[in-house]
>>> print(open('coords_18.cif').read())   # mmCIF, C-alpha atoms
data_run
#
loop_
_atom_site.label_atom_id
_atom_site.label_comp_id
_atom_site.auth_asym_id
_atom_site.auth_seq_id
_atom_site.Cartn_x
_atom_site.Cartn_y
_atom_site.Cartn_z
CA MET A 229 39.69 14.79 -16.87
CA SER A 230 38.89 18.13 -15.25
CA ASN A 231 36.42 18.93 -12.54
CA ALA A 232 33.01 20.47 -13.17
CA VAL A 233 32.94 21.81 -9.62
CA GLU A 234 35.79 22.35 -7.23
CA THR A 235 35.59 24.07 -3.86
CA VAL A 236 38.38 24.82 -1.43
CA GLY A 237 37.76 25.85 2.19
CA LEU A 238 34.31 26.96 1.13
CA GLY A 239 32.09 28.38 3.86
CA ARG A 240 29.02 30.54 4.23
CA ARG A 241 27.98 32.25 7.42
CA TYR A 242 24.62 33.79 8.35
CA GLY A 243 25.31 35.99 11.35
CA ARG A 244 27.11 33.72 13.77
CA HIS A 245 25.80 30.52 12.24
CA TRP A 246 27.88 28.69 9.64
CA ALA A 247 25.43 27.12 7.17
CA LEU A 248 28.41 25.49 5.44
CA ARG A 249 32.05 25.39 6.45
CA GLU A 250 35.46 24.07 5.37
CA CYS A 251 33.91 22.46 2.35
CA ARG A 252 36.43 20.79 0.06
CA LEU A 253 34.81 19.13 -2.90
CA SER A 254 35.79 17.93 -6.38
CA ILE A 255 33.13 16.74 -8.79
CA PRO A 256 34.53 15.29 -12.04
CA GLU A 257 32.89 16.22 -15.34
CA GLY A 258 30.11 14.00 -16.65
CA ARG A 259 28.95 12.75 -13.27
CA VAL A 260 25.39 12.54 -12.03
CA VAL A 261 25.74 13.58 -8.42
CA ALA A 262 23.31 12.80 -5.61
CA LEU A 263 23.44 15.55 -2.99
CA VAL A 264 21.88 14.23 0.21
CA GLY A 265 21.58 15.36 3.80
CA PRO A 266 19.01 16.20 6.46
CA ASN A 267 16.96 19.40 6.27
CA GLY A 268 19.08 22.42 7.12
CA ALA A 269 22.33 20.51 6.54
CA GLY A 270 23.58 22.99 3.95
CA LYS A 271 22.54 21.40 0.62
CA THR A 272 20.76 24.46 -0.74
CA THR A 273 23.51 26.75 0.57
CA LEU A 274 26.06 24.67 -1.34
CA LEU A 275 23.98 24.76 -4.54
CA ASN A 276 23.46 28.53 -4.19
CA LEU A 277 27.21 29.04 -3.76
CA VAL A 278 28.05 26.92 -6.82
CA ALA A 279 25.38 28.80 -8.79
CA GLY A 280 26.87 32.11 -7.66
CA LEU A 281 23.55 33.28 -6.19
CA ILE A 282 25.28 33.94 -2.88
CA ARG A 283 28.92 34.77 -2.17
CA PRO A 284 31.18 32.68 0.05
CA SER A 285 32.09 33.98 3.52
CA ALA A 286 35.28 31.89 3.20
CA GLY A 287 37.08 29.89 0.53
CA SER A 288 36.30 29.67 -3.17
CA VAL A 289 34.29 27.88 -5.88
CA LEU A 290 35.53 26.95 -9.34
CA ARG A 291 33.24 25.86 -12.17
CA PHE A 292 35.17 24.09 -14.92
CA GLY A 293 38.37 25.47 -13.46
CA GLU A 294 37.20 29.09 -13.54
CA PRO A 295 36.04 31.32 -10.72
CA VAL A 296 32.29 31.98 -10.55
CA ARG A 297 31.59 35.20 -12.44
CA ASP A 298 28.56 37.14 -13.61
CA ASP A 299 29.57 37.41 -17.28
CA PRO A 300 27.46 35.73 -20.01
CA ALA A 301 30.13 33.13 -20.87
CA SER A 302 30.27 31.88 -17.28
CA LEU A 303 26.50 32.04 -16.76
CA GLY A 304 25.78 30.29 -20.06
CA ARG A 305 27.60 27.13 -19.07
CA PHE A 306 25.34 26.14 -16.22
CA ALA A 307 21.65 26.04 -15.33
CA TYR A 308 20.08 26.03 -11.90
CA LEU A 309 16.64 24.69 -11.17
CA ALA A 310 15.80 26.02 -7.72
CA GLN A 311 13.27 24.38 -5.42
CA ASP A 312 9.63 24.82 -6.51
CA SER A 313 10.66 25.54 -10.11
CA ALA A 314 9.77 29.19 -10.41
CA LEU A 315 7.90 29.36 -13.71
CA TYR A 316 5.67 32.43 -14.08
CA PRO A 317 2.16 30.96 -13.64
CA GLY A 318 0.51 33.41 -16.04
CA PHE A 319 3.00 32.77 -18.89
CA ARG A 320 2.14 30.48 -21.75
CA VAL A 321 4.68 27.72 -22.40
CA ALA A 322 5.52 29.46 -25.71
CA ASP A 323 6.22 32.71 -23.78
CA LEU A 324 8.70 30.83 -21.59
CA LEU A 325 10.53 29.69 -24.74
CA THR A 326 10.69 33.26 -26.06
CA PHE A 327 11.97 34.38 -22.68
CA GLY A 328 14.64 31.69 -22.68
CA ARG A 329 15.66 32.40 -26.29
CA LYS A 330 16.16 36.13 -25.69
CA LEU A 331 18.14 35.69 -22.49
CA ASN A 332 20.44 32.78 -23.31
CA PRO A 333 23.15 32.93 -26.00
CA ARG A 334 23.45 29.13 -26.31
CA TRP A 335 19.67 28.57 -26.38
CA ASP A 336 18.55 25.54 -28.45
CA ASP A 337 14.98 26.33 -29.50
CA ASP A 338 14.53 23.18 -31.63
CA LEU A 339 15.52 21.00 -28.70
CA ALA A 340 13.01 22.75 -26.43
CA ARG A 341 10.16 22.49 -28.96
CA ASP A 342 10.89 18.83 -29.83
CA ARG A 343 11.05 17.85 -26.17
CA LEU A 344 7.82 19.62 -25.24
CA ALA A 345 6.04 18.00 -28.22
CA GLN A 346 7.45 14.60 -27.20
CA LEU A 347 6.14 15.13 -23.66
CA GLY A 348 2.75 16.26 -24.91
CA ILE A 349 3.00 19.73 -23.34
CA PRO A 350 1.12 22.17 -25.62
CA PRO A 351 2.93 25.54 -26.10
CA ARG A 352 -0.41 27.39 -25.90
CA LYS A 353 -1.10 26.30 -22.32
CA ARG A 354 -0.43 28.58 -19.40
CA VAL A 355 1.91 27.38 -16.68
CA ARG A 356 -0.86 27.37 -14.08
CA GLN A 357 -2.89 24.96 -16.25
CA LEU A 358 -0.11 22.34 -16.24
CA SER A 359 0.04 19.46 -13.75
CA GLY A 360 2.85 19.39 -11.19
CA GLY A 361 4.68 16.78 -13.24
CA GLN A 362 4.32 18.77 -16.46
CA ARG A 363 5.59 21.91 -14.73
CA ALA A 364 8.68 20.05 -13.50
CA GLN A 365 9.23 18.59 -16.99
CA CYS A 366 8.76 22.01 -18.56
CA ALA A 367 11.28 23.60 -16.17
CA LEU A 368 13.76 20.82 -16.95
CA VAL A 369 13.26 21.28 -20.71
CA LEU A 370 13.94 25.03 -20.31
CA ALA A 371 17.06 24.31 -18.26
CA SER A 372 18.39 21.78 -20.80
CA ALA A 373 17.60 24.07 -23.76
CA LYS A 374 20.25 26.39 -22.31
CA ARG A 375 22.60 23.53 -23.29
CA PRO A 376 24.42 23.80 -19.97
CA ASP A 377 27.58 21.84 -19.20
CA LEU A 378 26.51 21.79 -15.55
CA LEU A 379 22.94 21.38 -14.38
CA LEU A 380 22.07 22.00 -10.72
CA LEU A 381 18.71 20.82 -9.42
CA ASP A 382 17.42 21.46 -5.90
CA GLU A 383 14.81 18.85 -4.92
CA PRO A 384 13.41 18.54 -8.44
CA LEU A 385 11.23 15.57 -7.50
CA ALA A 386 9.95 16.66 -4.10
CA SER A 387 6.34 17.46 -4.98
CA LEU A 388 5.84 14.79 -7.65
CA ASP A 389 4.01 11.44 -7.63
CA PRO A 390 6.02 8.29 -8.49
CA LEU A 391 5.00 8.27 -12.16
CA ALA A 392 5.94 11.93 -12.65
CA ARG A 393 9.22 11.32 -10.76
CA HIS A 394 10.04 8.53 -13.22
CA ASP A 395 9.24 10.76 -16.21
CA VAL A 396 11.35 13.66 -14.94
CA MET A 397 14.28 11.34 -14.17
CA ALA A 398 13.97 9.71 -17.61
CA LEU A 399 14.13 13.15 -19.24
CA LEU A 400 17.13 14.07 -17.11
CA MET A 401 18.98 10.83 -17.93
CA GLU A 402 18.28 11.29 -21.64
CA THR A 403 19.80 14.78 -21.44
CA VAL A 404 22.88 13.28 -19.78
CA ALA A 405 23.13 10.55 -22.44
CA LEU A 406 22.83 13.01 -25.35
CA HIS A 407 24.95 15.91 -24.08
CA GLY A 408 27.22 14.50 -21.37
CA THR A 409 25.90 17.12 -18.95
CA THR A 410 27.26 17.09 -15.40
CA VAL A 411 24.30 16.98 -13.01
CA VAL A 412 24.10 17.77 -9.30
CA LEU A 413 20.74 16.85 -7.84
CA SER A 414 19.58 17.14 -4.26
CA SER A 415 16.90 14.79 -2.98
CA HIS A 416 15.47 13.21 0.15
CA ILE A 417 14.24 10.11 -1.62
CA ILE A 418 17.18 7.72 -1.90
CA ALA A 419 15.17 5.26 -4.05
CA ASP A 420 15.08 7.88 -6.83
CA LEU A 421 18.88 8.18 -6.76
CA VAL A 422 19.63 4.46 -7.11
CA ASP A 423 20.41 3.62 -10.75
CA THR A 424 20.38 7.29 -11.73
CA CYS A 425 23.25 8.87 -9.79
CA ASP A 426 26.85 7.64 -9.94
CA TRP A 427 28.45 10.00 -7.41
CA LEU A 428 27.38 10.66 -3.82
CA VAL A 429 27.89 13.84 -1.80
CA ALA A 430 26.47 13.79 1.73
CA VAL A 431 26.24 17.05 3.66
CA ASN A 432 25.62 16.96 7.39
CA ARG A 433 25.58 19.83 9.89
CA GLY A 434 27.20 22.17 7.41
CA ARG A 435 30.09 19.88 6.49
CA ILE A 436 30.79 17.53 3.62
CA GLN A 437 30.63 14.06 5.13
CA VAL A 438 30.90 11.76 2.12
CA SER A 439 32.06 12.36 -1.45
CA GLY A 440 32.83 9.63 -3.93
CA GLU A 441 31.79 7.31 -6.72
CA ILE A 442 28.77 5.31 -5.56
CA ASP A 443 30.01 1.91 -6.85
CA GLU A 444 33.34 2.43 -5.07
CA LEU A 445 31.65 3.55 -1.85
CA LEU A 446 29.36 0.51 -1.86
CA ALA A 447 32.27 -1.84 -2.60
CA GLY A 448 34.29 -0.13 0.14
CA HIS A 449 31.73 -0.81 2.86
CA ALA A 450 30.03 -3.83 4.38
CA VAL A 451 27.05 -4.59 6.59
CA VAL A 452 28.04 -7.04 9.31
CA SER A 453 25.08 -8.66 11.08
CA GLY A 454 24.97 -11.07 13.99
CA PRO A 455 23.70 -11.74 17.51
CA VAL A 456 23.90 -8.71 19.77
CA ASP A 457 25.21 -10.78 22.71
CA ARG A 458 28.30 -11.65 20.63
CA ARG A 459 29.02 -8.02 19.73
CA ALA A 460 31.96 -7.87 22.16
CA HIS A 461 33.70 -10.71 20.28
CA LEU A 462 34.14 -8.61 17.15
CA PRO A 463 37.68 -7.27 16.68
CA ASP A 464 38.30 -3.79 18.13
CA ARG A 465 40.02 -2.60 14.98
CA LEU A 466 36.84 -3.15 12.92
CA PRO A 467 36.28 0.23 11.24
CA VAL A 468 32.65 0.76 12.28
CA VAL A 469 30.78 3.74 10.83
CA THR A 470 27.59 3.14 12.74
CA GLU A 471 25.68 0.31 14.36
CA SER A 472 22.07 -0.39 15.23
CA VAL A 473 20.39 -3.04 17.33
CA ASN A 474 17.17 -4.68 16.15
CA GLY A 475 15.89 -7.09 18.77
CA ARG A 476 18.60 -9.75 19.19
CA GLN A 477 20.43 -8.73 16.06
CA VAL A 478 23.06 -6.04 15.67
CA ASP A 479 23.82 -4.52 12.25
CA LEU A 480 27.11 -2.70 11.76
CA LEU A 481 27.98 -0.51 8.80
CA THR A 482 31.76 -0.84 8.45
CA ARG A 483 34.50 0.01 6.02
CA ALA A 484 35.29 -3.05 3.91
CA THR A 485 37.43 -5.44 5.87
CA THR A 486 39.29 -8.67 5.25
CA ASP A 487 38.50 -9.94 8.76
CA THR A 488 36.31 -13.02 9.12
CA PHE A 489 34.00 -13.27 12.07
CA GLY A 490 32.84 -16.88 12.30
CA PRO A 491 29.55 -18.55 11.42
CA ALA A 492 27.33 -16.37 13.63
CA TRP A 493 28.06 -13.29 11.51
CA SER A 494 26.92 -12.46 8.00
CA VAL A 495 28.76 -9.94 5.84
CA ARG A 496 27.18 -8.34 2.76
CA PRO A 497 27.53 -5.14 0.75
CA PRO A 498 25.27 -2.26 1.85
CA SER A 499 22.50 -0.77 -0.26
CA LEU A 500 22.81 2.94 -1.15
CA ASP A 501 20.03 3.63 1.33
CA GLU A 502 21.88 1.82 4.14
CA LEU A 503 25.11 3.63 3.32
CA VAL A 504 23.45 7.07 3.30
CA ARG A 505 21.42 6.47 6.46
CA GLY A 506 24.48 4.99 8.17
CA TYR A 507 26.58 8.08 7.58
CA LEU A 508 23.87 10.67 8.18
CA GLY A 509 23.14 8.94 11.49
CA ALA A 510 26.80 9.23 12.49
CA PRO A 511 27.72 12.86 11.73
CA ASP A 512 31.29 12.49 13.02
CA ALA A 513 32.20 9.71 10.58
CA SER A 514 33.34 10.61 7.09
CA ALA A 515 34.22 8.98 3.79
CA LEU A 516 36.23 11.47 1.77
CA PRO A 517 39.10 11.16 -0.66
CA GLY A 518 42.49 11.46 1.02
CA PRO A 519 43.32 10.92 4.68
CA VAL A 520 40.23 10.69 6.83
CA ALA A 521 39.54 10.51 10.52
CA LEU A 522 37.07 7.77 11.31
CA ALA A 523 35.27 8.36 14.57
CA ARG A 524 34.19 5.47 16.76
CA MET B 49 14.17 -3.93 -31.37
CA ILE B 50 14.50 -5.20 -27.83
CA GLY B 51 12.62 -3.33 -25.09
CA PHE B 52 14.24 -3.56 -21.66
CA ARG B 53 12.40 -3.73 -18.36
CA LEU B 54 13.74 -3.66 -14.82
CA ASP B 55 12.89 -5.56 -11.68
CA ALA B 56 14.00 -3.38 -8.77
CA ARG B 57 13.34 -6.14 -6.22
CA SER B 58 15.29 -8.91 -7.98
CA GLY B 59 18.57 -7.95 -6.29
CA VAL B 60 20.33 -8.44 -9.65
CA PRO B 61 22.51 -5.41 -10.55
CA THR B 62 20.83 -3.27 -13.20
CA TYR B 63 23.55 -3.63 -15.86
CA LEU B 64 23.38 -7.43 -15.43
CA GLN B 65 19.60 -7.38 -15.91
CA LEU B 66 20.19 -5.67 -19.26
CA VAL B 67 22.91 -8.20 -20.20
CA ASN B 68 20.64 -11.11 -19.27
CA GLN B 69 17.70 -9.73 -21.24
CA VAL B 70 19.81 -9.43 -24.40
CA LYS B 71 21.07 -13.01 -23.95
CA HIS B 72 17.51 -14.20 -23.35
CA ALA B 73 16.36 -12.50 -26.55
CA LEU B 74 19.30 -14.08 -28.43
CA ARG B 75 18.35 -17.53 -27.16
CA LEU B 76 14.73 -17.07 -28.18
CA GLY B 77 15.65 -15.73 -31.60
CA LEU B 78 14.03 -12.35 -30.80
CA LEU B 79 17.38 -10.76 -31.62
CA GLU B 80 19.43 -11.91 -34.58
CA PRO B 81 22.84 -11.03 -36.03
CA GLY B 82 22.69 -7.58 -37.65
CA ASP B 83 19.94 -6.26 -35.34
CA ARG B 84 20.68 -2.93 -33.70
CA LEU B 85 20.42 -2.55 -29.93
CA PRO B 86 18.70 0.63 -28.70
CA THR B 87 21.03 3.57 -28.06
CA ALA B 88 21.88 4.53 -24.47
CA ALA B 89 19.67 7.62 -24.85
CA GLU B 90 16.73 5.46 -26.00
CA VAL B 91 17.16 3.04 -23.10
CA VAL B 92 17.50 5.69 -20.40
CA ALA B 93 14.54 7.67 -21.77
CA ALA B 94 12.41 4.60 -21.10
CA LEU B 95 13.95 3.29 -17.87
CA ALA B 96 15.22 6.47 -16.16
CA ILE B 97 18.65 4.99 -15.36
CA ASN B 98 22.17 6.35 -15.67
CA PRO B 99 23.48 6.08 -19.27
CA ASN B 100 26.75 4.61 -17.97
CA THR B 101 24.80 1.57 -16.74
CA VAL B 102 23.67 0.87 -20.31
CA LEU B 103 27.18 1.39 -21.65
CA LYS B 104 28.54 -1.00 -19.02
CA ALA B 105 26.02 -3.67 -20.08
CA TYR B 106 26.90 -3.18 -23.77
CA ARG B 107 30.64 -3.38 -22.99
CA GLU B 108 30.05 -6.68 -21.21
CA LEU B 109 28.10 -8.04 -24.21
CA GLU B 110 30.87 -6.80 -26.49
CA ARG B 111 33.51 -8.50 -24.33
CA GLU B 112 31.62 -11.77 -24.76
CA GLY B 113 31.60 -11.27 -28.53
CA LEU B 114 27.81 -11.08 -28.75
CA VAL B 115 27.57 -7.51 -30.01
CA ALA B 116 29.86 -4.96 -31.65
CA ALA B 117 29.78 -1.17 -31.44
CA ARG B 118 30.13 0.65 -34.74
CA PRO B 119 31.08 4.26 -34.06
CA GLY B 120 28.40 6.69 -35.17
CA THR B 121 25.85 4.04 -36.12
CA GLY B 122 25.13 2.00 -33.00
CA THR B 123 25.63 -1.36 -31.34
CA PHE B 124 24.80 -4.44 -33.43
CA VAL B 125 24.24 -8.11 -32.68
CA GLN B 126 27.19 -10.23 -33.87
CA ARG B 127 26.06 -13.74 -33.20
CA THR B 128 23.20 -15.68 -31.72
CA LEU B 129 23.10 -17.85 -28.61
CA GLY B 130 20.43 -20.26 -29.83
CA ARG B 131 22.01 -23.61 -30.71
CA VAL B 132 18.91 -25.01 -32.41
CA GLY B 133 17.47 -23.92 -35.74
CA ALA B 134 14.38 -21.75 -36.06
CA ALA B 135 12.22 -24.68 -37.23
CA ASP B 136 13.18 -26.90 -34.27
CA ARG B 137 12.65 -24.06 -31.85
CA ALA B 138 9.21 -23.28 -33.28
CA ARG B 139 8.17 -26.96 -33.10
CA LEU B 140 9.33 -27.31 -29.48
CA HIS B 141 7.65 -24.05 -28.56
CA ARG B 142 4.35 -25.27 -30.10
CA GLN B 143 4.55 -28.56 -28.18
CA LEU B 144 5.22 -26.74 -24.95
CA VAL B 145 2.28 -24.38 -25.49
CA THR B 146 -0.01 -27.39 -26.07
CA TRP B 147 1.30 -28.97 -22.88
CA MET B 148 0.93 -25.72 -20.94
CA ARG B 149 -2.72 -25.43 -22.04
CA SER B 150 -3.52 -28.93 -20.75
CA ALA B 151 -1.68 -28.14 -17.49
CA ASN B 152 -3.85 -25.03 -17.10
CA ALA B 153 -6.97 -27.02 -17.87
CA ALA B 154 -5.97 -29.55 -15.19
CA GLY B 155 -5.77 -26.69 -12.69
CA LEU B 156 -1.98 -26.54 -12.22
CA ASP B 157 -0.64 -23.21 -11.01
CA ARG B 158 2.73 -21.66 -11.86
CA GLU B 159 4.58 -23.39 -9.02
CA ASP B 160 3.04 -26.79 -9.90
CA VAL B 161 4.23 -26.30 -13.48
CA GLU B 162 7.72 -25.35 -12.37
CA ALA B 163 7.93 -28.35 -10.02
CA LEU B 164 6.82 -30.71 -12.83
CA PHE B 165 9.22 -29.09 -15.28
CA GLU B 166 12.10 -29.51 -12.84
CA ALA B 167 11.15 -33.14 -12.11
CA ALA B 168 11.01 -33.95 -15.83
CA ARG B 169 14.35 -32.26 -16.35
CA GLN B 170 15.89 -34.47 -13.66
CA ASP B 171 14.31 -37.63 -15.19
CA VAL B 172 15.94 -36.79 -18.52
CA ALA B 173 19.26 -35.97 -16.86
CA GLU B 174 19.21 -39.46 -15.25
CA ASP B 175 18.49 -41.04 -18.67
CA VAL B 176 21.61 -39.38 -20.04
CA ALA B 177 23.75 -40.33 -17.04
#
>>> encode(input="coords_18.cif", output="C-alpha cells")
Amino acid sequence: MSNAVETVGLGRRYGRHWALRECRLSIPEGRVVALVGPNGAGKTTLLNLVAGLIRPSAGSVLRFGEPVRDDPASLGRFAYLAQDSALYPGFRVADLLTFGRKLNPRWDDDLARDRLAQLGIPPRKRVRQLSGGQRAQCALVLASAKRPDLLLLDEPLASLDPLARHDVMALLMETVALHGTTVVLSSHIIADLVDTCDWLVAVNRGRIQVSGEIDELLAGHAVVSGPVDRRAHLPDRLPVVTESVNGRQVDLLTRATTDTFGPAWSVRPPSLDELVRGYLGAPDASALPGPVALAR
Amino acid sequence: MIGFRLDARSGVPTYLQLVNQVKHALRLGLLEPGDRLPTAAEVVAALAINPNTVLKAYRELEREGLVAARPGTGTFVQRTLGRVGAADRARLHRQLVTWMRSANAAGLDREDVEALFEAARQDVAEDVA
C-alpha cells in the first residue's frame, strides 16, 4: 500500500526560527490521523506544507507519491479545512455549492445536497445565520463534496460544544467509511480522537516526536505504578519515557517490557491520553519507526 | 435492525462492545438468522467511531460463525445463540417481569434485585451439584 503523505527532511523556517525541522513522516493511505502537540509546536505549519500553502525551507513533501504542485489534478485530490472554517458569512449555503461546483472538477453536487438535507441545513440560509456546529458541518460537507483522497483538518472541533463535536465526527467517519478518504486532523481534545483516529502523529517543538498506529503504540507501552520509596528498586534498563509522582505513588510511562517488578508494582496498558501527555511532557523522547534514541 | 450504543466508561474495548451487543441481541431473539447488520457507514454515522472498529467487530463475529459477509449486499446473521425456543423464552420473560414488579412494589432497588438474583442462582447451582 502506498503513502498518502510522505515527507523527507522537511523543514520550514521563519527568519531564524525553525517552525518545523527534519520532519520525516509516512502516512499510509486510508488512515485517520490524529495530529497532536502543544500550541506553537508546528502542527499548522505541517498542515500548510502538506497542503502546499507554504513552501518548505528544506526537504520535500509527497502526496500520493507525487510532489506538491499547483495544477488542477494535484489540487483536486485533497481538501484542506483551515482553522475557523472560512465560509463567506454573507453567502447563502446554495451559493457555496455553486462556488464549489464551478471551482472543483471532481465536485459531487448530489452528495453535497443530500448531506445538507440529511443534516437539516437549508440551502437558502446565509452562513452567518447558521450555528457554529452547522457551519462546521457545512464546511465539512463542502470539503467532502470535492471527493478528496486526502482531507486535512486543522482544529475542526475547537469551537464546538460536545454535541456538535459528535455530529461533526460522525459525518467525518461516515465519509471515511463510504470513500476510504485519508484524514489528517489536528486537535487538542484527546477524548475526541479516541475511537475515531487510528494513527497518531505528535509534534513537539518543531519536530515529529511520535508517529505510528495507535493500537500498536498502546500495546507497545505500559504504565508501571507503585510506591515512590521503592522507585530505586526498579531495573535501570527499564525504558522509561516519562514519570510522575502523585503523593506516595509514582507512575512511569515505559516502553512495553517483559520485566516483572514484584507485588508492589502494577503494570497496565496506557490510555491514549496518558500516552500523548507522557510524550508531550518529555520532548526528548520519541516513538518513531526505525531506530530511535530514547532519552532518560 | 440492531442499534448500537457505547459506554465510554466501561473500559471494554469499543469493538468488543459491538460484538457483545450483537451476541446479546442473538440471545434475546432480537436478531435472527437472515437479519442484516447495519453497514459500517450506518454505524459510524450514529456513533462517530472509526469504520475499522466496526469491521473488526464484524470480522470477530464472522470468525465465530455468527454472521457472514456477502459482498455488495451486507453482513447477515447466520445462526442464533438462544438455546431455548421463542415460546419458552417469552414465558420465562413474562414470569420475570411479574416477579420484578412485585420486587419494585416491595421497595427493592437495583442492587437488592441483583443480590437476590445471584443468591437464587447459587441455590439452584447447589441443587444441581
>>> atom_distance(input="coords_18.cif", atom1="atom CA of A:Ala269", atom2="atom CA of A:Ala247")
7.3 Å
>>> resolve_selection(input="coords_18.cif", expression="the PyMOL selection byres ((chain A) within 6 of (chain B))", output="PDB file with C-alpha atoms, keeping the file's coordinate frame")
ATOM      1  CA  MET A 397      14.280  11.340 -14.170  1.00  0.00           C
ATOM      2  CA  ALA A 398      13.970   9.710 -17.610  1.00  0.00           C
ATOM      3  CA  MET A 401      18.980  10.830 -17.930  1.00  0.00           C
ATOM      4  CA  GLU A 402      18.280  11.290 -21.640  1.00  0.00           C
ATOM      5  CA  ALA A 405      23.130  10.550 -22.440  1.00  0.00           C
ATOM      6  CA  ASP A 423      20.410   3.620 -10.750  1.00  0.00           C
ATOM      7  CA  THR A 424      20.380   7.290 -11.730  1.00  0.00           C
TER       8      THR A 424
END
>>> atom_distance(input="coords_18.cif", atom1="atom CA of A:Ser302", atom2="atom CA of A:Asn432")
29.2 Å
>>> residues_around(input="coords_18.cif", residues="B:Glu80", least_positions_apart="3", cutoff="12 Å", atoms="only C-alpha atoms", output="number ranges by chain")
B: 49-50, 70-77, 83-85, 114-115, 124-130, 134
>>> write_last_selection(input="coords_18.cif", atoms="C-alpha atoms", output="compact mmCIF listing (two decimals), in the frame of the given file")
# COMPACT_ATOMS: atom_id res chain seq x y z
CA MET B 49 14.17 -3.93 -31.37
CA ILE B 50 14.50 -5.20 -27.83
CA VAL B 70 19.81 -9.43 -24.40
CA LYS B 71 21.07 -13.01 -23.95
CA HIS B 72 17.51 -14.20 -23.35
CA ALA B 73 16.36 -12.50 -26.55
CA LEU B 74 19.30 -14.08 -28.43
CA ARG B 75 18.35 -17.53 -27.16
CA LEU B 76 14.73 -17.07 -28.18
CA GLY B 77 15.65 -15.73 -31.60
CA ASP B 83 19.94 -6.26 -35.34
CA ARG B 84 20.68 -2.93 -33.70
CA LEU B 85 20.42 -2.55 -29.93
CA LEU B 114 27.81 -11.08 -28.75
CA VAL B 115 27.57 -7.51 -30.01
CA PHE B 124 24.80 -4.44 -33.43
CA VAL B 125 24.24 -8.11 -32.68
CA GLN B 126 27.19 -10.23 -33.87
CA ARG B 127 26.06 -13.74 -33.20
CA THR B 128 23.20 -15.68 -31.72
CA LEU B 129 23.10 -17.85 -28.61
CA GLY B 130 20.43 -20.26 -29.83
CA ALA B 134 14.38 -21.75 -36.06
>>> atom_distance(input="coords_18.cif", atom1="atom CA of B:Leu140", atom2="atom CA of B:Leu66")
26.3 Å
>>> residues_around(input="coords_18.cif", residues="A:Leu324", least_positions_apart="4", cutoff="10 Å", atoms="all atoms listed in the file", output="list in words")
Leu315, Tyr316, Phe319, Arg320, Gly328, Arg329, Pro351, Arg354, Val355, Cys366, Ala367 and Leu370 of chain A
>>> residues_around(input="coords_18.cif", residues="A:Val452", least_positions_apart="3", cutoff="6 Å", atoms="all atoms listed in the file", output="list in words")
Asp479, Leu480, Ser494 and Val495 of chain A
>>> resolve_selection(input="coords_18.cif", expression="the PyMOL selection byres ((chain A and resi 236) around 10)", output="list in words")
Glu234, Thr235, Gly237, Leu238, Gly239, Glu250, Cys251, Arg252, Leu253, Ser254, Ala286, Gly287, Ser288, Val289 and Leu290 of chain A
>>> resolve_selection(input="coords_18.cif", expression="the PyMOL selection byres ((chain A and resi 265) around 8)", output="PyMOL selection string")
chain A and resi 263-264+266-267+269-271+416+430-432+508
>>> residues_around(input="coords_18.cif", residues="stretch 461-467 of chain A", least_positions_apart="5", cutoff="7 Å", atoms="only C-alpha atoms", output="mmCIF file with C-alpha atoms, in the coordinates of the input")
data_model
loop_
_atom_site.group_PDB
_atom_site.id
_atom_site.type_symbol
_atom_site.label_atom_id
_atom_site.label_comp_id
_atom_site.auth_asym_id
_atom_site.auth_seq_id
_atom_site.Cartn_x
_atom_site.Cartn_y
_atom_site.Cartn_z
ATOM 1 C CA THR A 482 31.760 -0.840 8.450
ATOM 2 C CA ARG A 483 34.500 0.010 6.020
ATOM 3 C CA PHE A 489 34.000 -13.270 12.070
#
>>> closest_residue(input="coords_18.cif", among="A:Leu380, A:Asn332, A:Glu257, A:Leu309", to="A:Val278", atoms="only C-alpha atoms")
A:Leu380
>>> axis_aligned_box(input="coords_18.cif", around="stretch 255-272 of chain A", padding_each_side="3 Å", output="AutoDock Vina command-line options")
--center_x 25.7 --center_y 18.5 --center_z -4.8 --size_x 23.6 --size_y 17.9 --size_z 29.8
>>> closest_residue(input="coords_18.cif", among="A:Asp395, A:Phe327, A:Asp389, A:Val260", to="A:Thr409", atoms="all atoms listed in the file")
A:Val260
>>> closest_residue(input="coords_18.cif", among="A:Val473, A:Asp512, A:Leu446, A:Arg459", to="A:Arg496", atoms="all atoms listed in the file")
A:Leu446
>>> build_atoms(input="coords_18.cif", residues="stretch 60-68 of chain B", atoms="N, CA and C atoms", output="PDB file, keeping the file's coordinate frame")
ATOM      1  N   VAL B  60      19.324  -8.304  -8.592  1.00  0.00           N
ATOM      2  CA  VAL B  60      20.330  -8.440  -9.650  1.00  0.00           C
ATOM      3  C   VAL B  60      20.743  -7.027 -10.083  1.00  0.00           C
ATOM      4  N   PRO B  61      22.073  -6.747 -10.132  1.00  0.00           N
ATOM      5  CA  PRO B  61      22.510  -5.410 -10.550  1.00  0.00           C
ATOM      6  C   PRO B  61      21.883  -5.023 -11.903  1.00  0.00           C
ATOM      7  N   THR B  62      21.575  -3.724 -12.027  1.00  0.00           N
ATOM      8  CA  THR B  62      20.830  -3.270 -13.200  1.00  0.00           C
ATOM      9  C   THR B  62      21.530  -3.602 -14.512  1.00  0.00           C
ATOM     10  N   TYR B  63      22.867  -3.387 -14.580  1.00  0.00           N
ATOM     11  CA  TYR B  63      23.550  -3.630 -15.860  1.00  0.00           C
ATOM     12  C   TYR B  63      23.452  -5.108 -16.230  1.00  0.00           C
ATOM     13  N   LEU B  64      23.453  -5.987 -15.176  1.00  0.00           N
ATOM     14  CA  LEU B  64      23.380  -7.430 -15.430  1.00  0.00           C
ATOM     15  C   LEU B  64      21.977  -7.819 -15.912  1.00  0.00           C
ATOM     16  N   GLN B  65      20.962  -7.128 -15.410  1.00  0.00           N
ATOM     17  CA  GLN B  65      19.600  -7.380 -15.910  1.00  0.00           C
ATOM     18  C   GLN B  65      19.535  -7.093 -17.406  1.00  0.00           C
ATOM     19  N   LEU B  66      20.189  -6.012 -17.833  1.00  0.00           N
ATOM     20  CA  LEU B  66      20.190  -5.670 -19.260  1.00  0.00           C
ATOM     21  C   LEU B  66      20.942  -6.726 -20.061  1.00  0.00           C
ATOM     22  N   VAL B  67      22.117  -7.149 -19.546  1.00  0.00           N
ATOM     23  CA  VAL B  67      22.910  -8.200 -20.200  1.00  0.00           C
ATOM     24  C   VAL B  67      22.074  -9.467 -20.353  1.00  0.00           C
ATOM     25  N   ASN B  68      21.425  -9.879 -19.257  1.00  0.00           N
ATOM     26  CA  ASN B  68      20.640 -11.110 -19.270  1.00  0.00           C
ATOM     27  C   ASN B  68      19.470 -11.037 -20.249  1.00  0.00           C
TER      28      ASN B  68
END
